[in-house]
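Read the structure below first, then the notes.
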Amino acid sequence: MSWSLKKKAQTLLAAEQGTVHKDWGGKIAVALIYPNAYAVGMSNLGFQTIYQHLNALPDIVCERVFLPDPADVAEMQRTQSPPFSLESQRPLSDFHMLGFSVTYEGDYINVLRLLDLAGIPLRAADRRPHDPLVLMGGVCAFSNPEPLASFMDFIVVGEGEELVTELMEAYRERYRDRASFLDLLVALPGVYVPERYAVRYAADDTLAEVTPGGGAPAIVVKRRLRDVNAFRTIAAVKTPNAEYGHMALLEVGKGCGRGCRFCLEGQVYRPVRHRSVAALRETIEQLARDGEKRIGLVGACVSDYPWIGELLKVVEDNGMELSISSLRADSLTEDLAASLARGGHRTLTIAPEAGTERLRRAIRKAITDEQILAACDLVRAQGIPNLKTYFMIGQPTETDDDVAAIPDLARRMLDRLRALDRQGRPFGRLTLSISSFVPKPWTPFQWAPFAGAGALAAKLDTIKRGVGGMATVRVLHENPREAALQALLARGDRRVGDFLERAARLGGDWRRALREWGGDLDFHTTRVRGLDERLPWDHFDVGVKKAGLLREWERAQIAEAVPVAAS
């Protein structure tokens, strides 16, 4: 093993608080893998929560693994050092299970790169009896795991706080025989064993049927946490090297009741479950006793938390400063803005998503221009100098006028923000963060086409030209080609696995892999899906009814005001 890589791991460990070190003797060893950088993974509360719960089991040792930095990959290859765990620096091949926590489609390639670097066969069918079992969890595991299905022994569909204990019990009972272990898993609610499902395609290349076998259920039902108050979702391990390492993160609940038609999280985490103020107070008081000074509230829409005023008081009564990543313009209050200002916020973030009220109605984000401008007034009144906004281009029913309206709205926001506040402090900067719409499973827009990289680039040019004369406006955006990759992975079927395998073998060079792949990118991305077409994720049940999604898709075409949410 490379001495420099080992030293780097030890340096990271030395900066941590709360790391779990266990003796391996007689224990089931699980590598919990976040297929991205350490700083990103250590800010993921789901990843941290599962690490804590697994290590709470006496006969389990769980250690963390992250994607190595590019320079570290070169060092691994030079010294023939495989990826290893942080806690004990053991190679992945030493573990009984490798559990990937996958939050972003862009990390699919990283999953396979790590397996390849570890010398573990990528496809489940090619693995040997001594190879670790490979599994996948995280939100991508219950949106559409099919692109990775051929590489997984099993997939955890849903929230894993309770399920991980059941998985470990099954492994203890049947660990000597892989086939027997999988027999036990197919009967476990919330577990998907891809090899037990035969996939057949029609003559037009659409998905014809998915047939279960070997005792597997026809429909895999997502697991939901029955009582969100029973599990604290906080960062078990603290480190200054995480993206949000300067604060304690606390999840206030799961899901969002707004029902935006583009949003995956607002659909698959239904029903909305808020943690009680009493449960959050207990956690906040403990964090304060531990010396934490700043707390970051995490959730799909924190400003919609029903008891936000009471929660703000709990935070302040414990002498802590408050941070929230993003707010709804129509639920931003003077008290909340004031609390964030007292907490030292220099930037607030809101997400209009579209430049016109018509398009906001079509995507079911019914925020008016006046509510957005009123949020600007609240920001200025509290002396917060910077405002960041999220917009999305390429959405269904979008017109050229909708795109051109984004810089026009920015100009009106800037006029309100430039007004000196009551202390005479000038405004700082307005940031427009532009993302590309990617159709996601389990949303009313799952049938919509992806606009295509070329069309998105033209829309970005319209926005950049529109704000060209505004000195204090900055435009940030992703590469439309990367959005095209996300579109492929978000709605692809098992055949996309061939592309992923090629990209992994090419060291993550997905652009070259796309050129060499025999598949049809447009078929999976820019094609309009038929409403009667079988979709790659139709053999899952995540609690979202297709009839409700169809109803919302049809309503989006006429952009009616605020229809009832899909059920």
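All residue names refer to the structure tokens as shown: chains lettered A, B, ... in order, residues numbered from 1 in each chain, ligands numbered from 1 in order.
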
Counting only C-alpha atoms, which residues in segment 448-552 of chain A sit no more than 12 Å from segment 148-172 of chain A? For each one, give the nearest pair of atoms and the distance in Å, sorted by chain then residue number, as CSV.
residue,atom,partner,partner_atom,distance
A:Leu489,CA,A:Leu148,CA,9.2
A:Ala490,CA,A:Leu148,CA,10.9
A:Arg491,CA,A:Leu148,CA,11.8
A:Gly492,CA,A:Leu148,CA,9.8
A:Asp493,CA,A:Leu148,CA,8.9
A:Arg494,CA,A:Ala149,CA,6.6
A:Arg495,CA,A:Ser150,CA,9.2
A:Val496,CA,A:Leu148,CA,8.2
A:Gly497,CA,A:Leu148,CA,6.0
A:Asp498,CA,A:Ser150,CA,9.5
A:Phe499,CA,A:Leu148,CA,10.6
A:Leu500,CA,A:Leu148,CA,8.1
A:Glu501,CA,A:Phe151,CA,9.3
A:Pro536,CA,A:Ala149,CA,11.0
A:Trp537,CA,A:Ala149,CA,11.3
A:His539,CA,A:Val157,CA,11.7
A:Phe540,CA,A:Val157,CA,8.6
A:Asp541,CA,A:Val157,CA,9.4
A:Val542,CA,A:Gly158,CA,7.8
A:Gly543,CA,A:Gly158,CA,10.5

Filtered DSSP result for segment 86-143 of chain A, state alpha helix (DSSP H), as a ChimeraX atom specification: /A:108-117

Would you tabulate, counting only C-alpha atoms, all residues of segment 229-325 of chain A that have an atom at most 6 Å from an atom of segment 342-365 of chain A, showing the closest pair of atoms and their distance in Å to one decimal, sorted by chain then ascending number, as CSV?
residue,atom,partner,partner_atom,distance
A:Cys260,CA,A:Arg364,CA,4.9
A:Arg261,CA,A:Ile363,CA,5.1
A:Glu321,CA,A:Gly343,CA,4.3
A:Leu322,CA,A:Gly343,CA,5.2

With N, CA, C and O atoms retained, could you export that selection as a compact mmCIF listing (two decimals), in the first residue's frame?
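File written: selection_35.txt
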# COMPACT_ATOMS: atom_id res chain seq x y z
N CYS A 260 -44.01 20.08 -6.72
CA CYS A 260 -43.48 20.60 -7.98
C CYS A 260 -43.33 19.46 -8.98
O CYS A 260 -42.84 18.39 -8.63
N ARG A 261 -43.75 19.69 -10.20
CA ARG A 261 -43.86 18.59 -11.17
C ARG A 261 -42.52 18.07 -11.67
O ARG A 261 -42.46 17.00 -12.26
N GLU A 321 -26.25 29.63 16.29
CA GLU A 321 -26.58 30.37 15.08
C GLU A 321 -27.22 29.43 14.09
O GLU A 321 -26.96 28.22 14.09
N LEU A 322 -28.08 29.98 13.20
CA LEU A 322 -28.89 29.17 12.30
C LEU A 322 -28.42 29.30 10.86
O LEU A 322 -28.03 30.38 10.41

Which segment 410-466 of chain A residues have any atom within 12 Å of an atom of segment 503-521 of chain A, and for each, what is the nearest pair of atoms with distance in Å to one decimal, counting only C-alpha atoms, rows sorted by chain and number, as a Markdown table?
| residue | atom | partner | partner_atom | distance |
| --- | --- | --- | --- | --- |
| A:Phe450 | CA | A:Leu521 | CA | 10.9 |
| A:Gly452 | CA | A:Leu521 | CA | 10.3 |
| A:Ala453 | CA | A:Leu521 | CA | 11.7 |

Kindly export the residues of the current selection with N, CA and C atoms, as a PDB file, in the first residue's frame.
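Saved result, result21.pdb, follows:
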ATOM      1  N   PHE A 450     -35.885  15.340 -22.819  1.00  0.00           N
ATOM      2  CA  PHE A 450     -34.777  16.224 -22.456  1.00  0.00           C
ATOM      3  C   PHE A 450     -34.526  17.144 -23.637  1.00  0.00           C
ATOM      4  N   GLY A 452     -31.936  18.600 -24.888  1.00  0.00           N
ATOM      5  CA  GLY A 452     -30.735  18.408 -25.699  1.00  0.00           C
ATOM      6  C   GLY A 452     -29.687  19.462 -25.389  1.00  0.00           C
ATOM      7  N   ALA A 453     -28.424  19.058 -25.452  1.00  0.00           N
ATOM      8  CA  ALA A 453     -27.336  19.947 -25.060  1.00  0.00           C
ATOM      9  C   ALA A 453     -27.268  21.198 -25.923  1.00  0.00           C
TER      10      ALA A 453
END

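You can rank A:Val139, A:Ala381, A:Leu280, A:Glu195 by their closest distance to Lys222 of chain A using only C-alpha atoms, and at the top of that list sits A:Val139.
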
Contact residues around Phe427 of chain A with only C-alpha atoms at 8 Å, ignoring same-chain residues under 4 positions, as JSON, numbers by chain: {"A": [380, 385, 386, 417, 418, 419, 420]}

Please dump the current selection as a PDB file, in the first residue's frame; keep N, CA and C atoms.
ATOM      1  N   ARG A 380     -33.002  42.611   2.023  1.00  0.00           N
ATOM      2  CA  ARG A 380     -32.361  43.918   2.193  1.00  0.00           C
ATOM      3  C   ARG A 380     -32.649  44.510   3.564  1.00  0.00           C
ATOM      4  N   PRO A 385     -26.309  40.958   2.351  1.00  0.00           N
ATOM      5  CA  PRO A 385     -25.861  41.635   1.133  1.00  0.00           C
ATOM      6  C   PRO A 385     -26.003  40.863  -0.165  1.00  0.00           C
ATOM      7  N   ASN A 386     -26.144  39.544  -0.099  1.00  0.00           N
ATOM      8  CA  ASN A 386     -26.119  38.751  -1.330  1.00  0.00           C
ATOM      9  C   ASN A 386     -27.357  37.861  -1.425  1.00  0.00           C
ATOM     10  N   LEU A 417     -33.083  45.104  -4.744  1.00  0.00           N
ATOM     11  CA  LEU A 417     -31.954  44.776  -3.881  1.00  0.00           C
ATOM     12  C   LEU A 417     -30.963  45.931  -3.769  1.00  0.00           C
ATOM     13  N   ARG A 418     -30.906  46.751  -4.801  1.00  0.00           N
ATOM     14  CA  ARG A 418     -29.958  47.877  -4.778  1.00  0.00           C
ATOM     15  C   ARG A 418     -30.392  48.979  -3.821  1.00  0.00           C
ATOM     16  N   ALA A 419     -31.682  49.022  -3.506  1.00  0.00           N
ATOM     17  CA  ALA A 419     -32.161  50.046  -2.579  1.00  0.00           C
ATOM     18  C   ALA A 419     -31.426  49.894  -1.240  1.00  0.00           C
ATOM     19  N   LEU A 420     -30.872  50.980  -0.748  1.00  0.00           N
ATOM     20  CA  LEU A 420     -30.130  50.908   0.504  1.00  0.00           C
ATOM     21  C   LEU A 420     -31.066  50.497   1.632  1.00  0.00           C
TER      22      LEU A 420
END

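Between atom CA of Arg196 of chain A and atom CA of Ala216 of chain A there is a distance of 6.3 Å.
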
Spatial neighbours of Arg294 of chain A, 10 Å, only C-alpha atoms, chain gap at least 6 places, as number ranges by chain: A: 246-249, 287-288, 315, 319-323, 343-344

Exercise: segment 300-312 of chain A partners within 8 Å, only C-alpha atoms, chain neighbours under 4 positions left out, as an MDAnalysis selection string: chainID A and resid 252 254:256 265:266 274 277 280:281 316 322 324 326:328 331:332 335:336 339

Any chance you can output those residues with N, CA, C and O atoms as an mmCIF file, in the first residue's frame?
data_model
loop_
_atom_site.group_PDB
_atom_site.id
_atom_site.type_symbol
_atom_site.label_atom_id
_atom_site.label_comp_id
_atom_site.auth_asym_id
_atom_site.auth_seq_id
_atom_site.Cartn_x
_atom_site.Cartn_y
_atom_site.Cartn_z
ATOM 1 N N VAL A 252 -34.840 18.053 9.559
ATOM 2 C CA VAL A 252 -36.088 18.385 10.248
ATOM 3 C C VAL A 252 -37.258 17.515 9.802
ATOM 4 O O VAL A 252 -38.311 17.515 10.432
ATOM 5 N N LYS A 254 -38.746 14.516 6.408
ATOM 6 C CA LYS A 254 -38.571 13.879 5.102
ATOM 7 C C LYS A 254 -39.725 14.270 4.197
ATOM 8 O O LYS A 254 -40.887 14.184 4.580
ATOM 9 N N GLY A 255 -39.390 14.687 2.990
ATOM 10 C CA GLY A 255 -40.398 14.988 1.997
ATOM 11 C C GLY A 255 -40.792 16.446 1.953
ATOM 12 O O GLY A 255 -40.388 17.270 2.782
ATOM 13 N N CYS A 256 -41.609 16.763 0.937
ATOM 14 C CA CYS A 256 -42.087 18.123 0.705
ATOM 15 C C CYS A 256 -43.504 18.013 0.158
ATOM 16 O O CYS A 256 -43.768 17.207 -0.735
ATOM 17 N N GLU A 265 -37.628 14.430 -5.315
ATOM 18 C CA GLU A 265 -37.692 14.321 -3.859
ATOM 19 C C GLU A 265 -39.091 14.599 -3.329
ATOM 20 O O GLU A 265 -39.543 13.978 -2.361
ATOM 21 N N GLY A 266 -39.798 15.537 -3.968
ATOM 22 C CA GLY A 266 -41.133 15.862 -3.529
ATOM 23 C C GLY A 266 -42.138 14.750 -3.753
ATOM 24 O O GLY A 266 -43.236 14.768 -3.184
ATOM 25 N N HIS A 274 -42.737 15.223 9.286
ATOM 26 C CA HIS A 274 -41.953 16.217 10.024
ATOM 27 C C HIS A 274 -41.543 15.642 11.379
ATOM 28 O O HIS A 274 -42.343 15.000 12.057
ATOM 29 N N VAL A 277 -41.081 19.029 17.290
ATOM 30 C CA VAL A 277 -40.228 20.036 17.919
ATOM 31 C C VAL A 277 -39.548 19.441 19.154
ATOM 32 O O VAL A 277 -38.376 19.724 19.429
ATOM 33 N N LEU A 280 -36.580 17.394 18.034
ATOM 34 C CA LEU A 280 -35.513 18.265 17.547
ATOM 35 C C LEU A 280 -34.884 19.049 18.704
ATOM 36 O O LEU A 280 -33.668 19.271 18.713
ATOM 37 N N ARG A 281 -35.706 19.468 19.670
ATOM 38 C CA ARG A 281 -35.163 20.193 20.820
ATOM 39 C C ARG A 281 -34.147 19.335 21.570
ATOM 40 O O ARG A 281 -33.065 19.810 21.951
ATOM 41 N N GLU A 316 -32.127 29.532 19.145
ATOM 42 C CA GLU A 316 -31.588 30.735 19.773
ATOM 43 C C GLU A 316 -31.477 30.576 21.290
ATOM 44 O O GLU A 316 -30.525 31.072 21.895
ATOM 45 N N LEU A 322 -28.077 29.980 13.203
ATOM 46 C CA LEU A 322 -28.892 29.171 12.298
ATOM 47 C C LEU A 322 -28.422 29.300 10.855
ATOM 48 O O LEU A 322 -28.030 30.382 10.410
ATOM 49 N N ILE A 324 -29.719 27.805 6.842
ATOM 50 C CA ILE A 324 -30.635 27.047 5.984
ATOM 51 C C ILE A 324 -30.135 27.209 4.560
ATOM 52 O O ILE A 324 -29.819 28.314 4.117
ATOM 53 N N SER A 326 -31.628 26.650 1.449
ATOM 54 C CA SER A 326 -32.489 27.277 0.451
ATOM 55 C C SER A 326 -33.874 27.491 1.039
ATOM 56 O O SER A 326 -34.345 26.696 1.856
ATOM 57 N N LEU A 327 -34.544 28.567 0.608
ATOM 58 C CA LEU A 327 -35.839 28.955 1.169
ATOM 59 C C LEU A 327 -36.865 29.126 0.059
ATOM 60 O O LEU A 327 -36.525 29.451 -1.075
ATOM 61 N N ARG A 328 -38.123 28.937 0.389
ATOM 62 C CA ARG A 328 -39.210 29.277 -0.527
ATOM 63 C C ARG A 328 -39.489 30.771 -0.378
ATOM 64 O O ARG A 328 -39.646 31.287 0.737
ATOM 65 N N SER A 331 -42.541 31.540 1.639
ATOM 66 C CA SER A 331 -42.603 31.174 3.057
ATOM 67 C C SER A 331 -41.469 31.821 3.857
ATOM 68 O O SER A 331 -41.253 31.492 5.014
ATOM 69 N N LEU A 332 -40.746 32.751 3.224
ATOM 70 C CA LEU A 332 -39.732 33.524 3.938
ATOM 71 C C LEU A 332 -40.422 34.613 4.741
ATOM 72 O O LEU A 332 -41.169 35.427 4.190
ATOM 73 N N ASP A 335 -39.240 37.167 10.612
ATOM 74 C CA ASP A 335 -38.571 36.519 11.744
ATOM 75 C C ASP A 335 -37.485 35.561 11.273
ATOM 76 O O ASP A 335 -36.391 35.504 11.855
ATOM 77 N N LEU A 336 -37.788 34.783 10.225
ATOM 78 C CA LEU A 336 -36.805 33.825 9.720
ATOM 79 C C LEU A 336 -35.613 34.547 9.108
ATOM 80 O O LEU A 336 -34.453 34.186 9.363
ATOM 81 N N SER A 339 -33.508 35.927 11.900
ATOM 82 C CA SER A 339 -32.741 34.885 12.588
ATOM 83 C C SER A 339 -31.521 34.488 11.764
ATOM 84 O O SER A 339 -30.424 34.291 12.307
#

Selected residue, from A:Ser101, A:Ser180, A:Thr333, A:Gln486, that lies nearest to Gly41 of chain A when counting only C-alpha atoms: A:Ser101

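Atom to atom, atom CA of Leu549 of chain A and atom CA of Ala141 of chain A stand 20.2 Å apart.
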
Spatial neighbours of segment 413-416 of chain A, 8 Å, only C-alpha atoms, chain gap at least 2 places, as a list in words: Ile372, Leu373, Cys376, Asp377, Leu409, Ala410, Arg411, Arg418, Ala419 and Leu430 of chain A
